[in-house]
Amino acid sequence: MPALLRTVALVLALLSGDVYAPVYRVLVAGSGASGIRVVKFDGTTATVERSLRVTSDDTTATQDIAVAKGTTFYATAGQGTPDGRLYKIDATSGSVTAKSDALSPGVSSLDVSADGSLAYVTMNDPATMMVQGSMWVLTTSDMKAVSSFPTCMMPLGGKLAKNGALQYTACGMEDQIVEADAVARKVARRFSVAEDEEGPVDTTAAKPESEYMEGRVLVPTCSATSAQPSPRADRLWVACNRNASILEISADKWTLVRKLEAGHGPYSLAITPDGKQLLATLRQGAALEFFDAGSGKSRAKTPTSASAAQSVVVSPDGRYAFVSAAGDGTSGALDVFDVSSHQRVASVVLPGKPGVVVFWKAEP
């Protein structure tokens, strides 16, 4: 009977013209006992539903989170410490069910394959930024590392393309984008994002007189912080935090398509499921910027409720964007934006320094 009543209520709401809004849940990275916060948004109000502890150390921050089929969370924690690890968490109980052996001091961003069998972990030690980073591949069934390969200095913001065959990582200290072959587990191509030098990097050229074969040891002019592939994996956008621009790259031709002028400090990127809107957090500008992905034109800059806008994710239905903002370090926020109106519609204060936000699920 309750199920029937819910169905009747839904039909009546649709007939009356009311929009039926599901309840959304996202995960926000934190530290210590609040290693992961589950934030619920009911279409009107955002609230912290619960907090999940990833490590027993209250000073250790959770770096990144990934969701596998809605039932399992994966998280990286321990960046800058000798025992950085990958953790497996049961979504129902919130308890850690497995963890990897110590990986390296640089455990950072995280991707999980569509079938949930493989985890791709970026190694980026903040204490040794000028040392070449790497990517490690782990099997999630036993949390064991099966391969690793070098990438670049200060790899950041890696994301798998929807086809699952390619992974893109921004290189903050080398002004490059690295395209990794997720199947062959090696770097496939490199792209220079240095200002006025954008284009493919010849990885077959003779090794320069430098410790790094393809690297730039000069001060970065782009300082890439995020790489976002399009839903069809034919385009790639790169946030240049230093020069307030976003580069659009053809993933097919591996050439620069155009530069988008952005607000102050573009940091994290997201694309709507239909590929029509590109969203960028402005870390120094304390806002979320909306771009028309077709024309490349900025449509709106909407302030976040706290400074230092960090991470952004769009709900699978394309209706809402969820943005974490770090604030003054003692507290931050999780903001919800209506993608169609570009307005901030809800916020919830989060203690500490909120980090990466990922989407978990939407339910009736």
# chains A, B, ... in the order shown; residues from 1 in each chain; ligands from 1

$ residues_around --residues "Ala346 in chain A" --least-positions-apart "2" --cutoff "10 Å" --atoms "only C-alpha atoms" --output "ChimeraX atom specification"
/A:41-47,305,322,334-338,343-344,348

$ residues_around --residues "Gly70 in chain A" --least-positions-apart "4" --cutoff "9 Å" --atoms "only C-alpha atoms" --output "number ranges by chain"
A: 91, 360-361

$ select_by_dssp --residues "range 121-337 of chain A" --states "strand (DSSP E)" --output "VMD selection string"
chain A and resid 121 to 123 132 to 139 144 to 153 155 to 160 166 to 171 176 to 181 186 to 192 199 to 200 224 to 229 235 to 240 245 to 250 255 to 261 266 to 271 277 to 282 287 to 292 298 to 303 309 to 314 320 to 325 331 to 337

$ residues_around --residues "range 279-295 of chain A" --least-positions-apart "5" --cutoff "9 Å" --atoms "only C-alpha atoms" --output "PyMOL selection string"
chain A and resi 239+241+244+246+260+262-272+300-314+321+323+325+337+339+342

$ closest_residue --among "A:Gly172, A:Gly327, A:Pro316, A:Gly332" --to "Tyr24 in chain A" --atoms "only C-alpha atoms"
A:Pro316
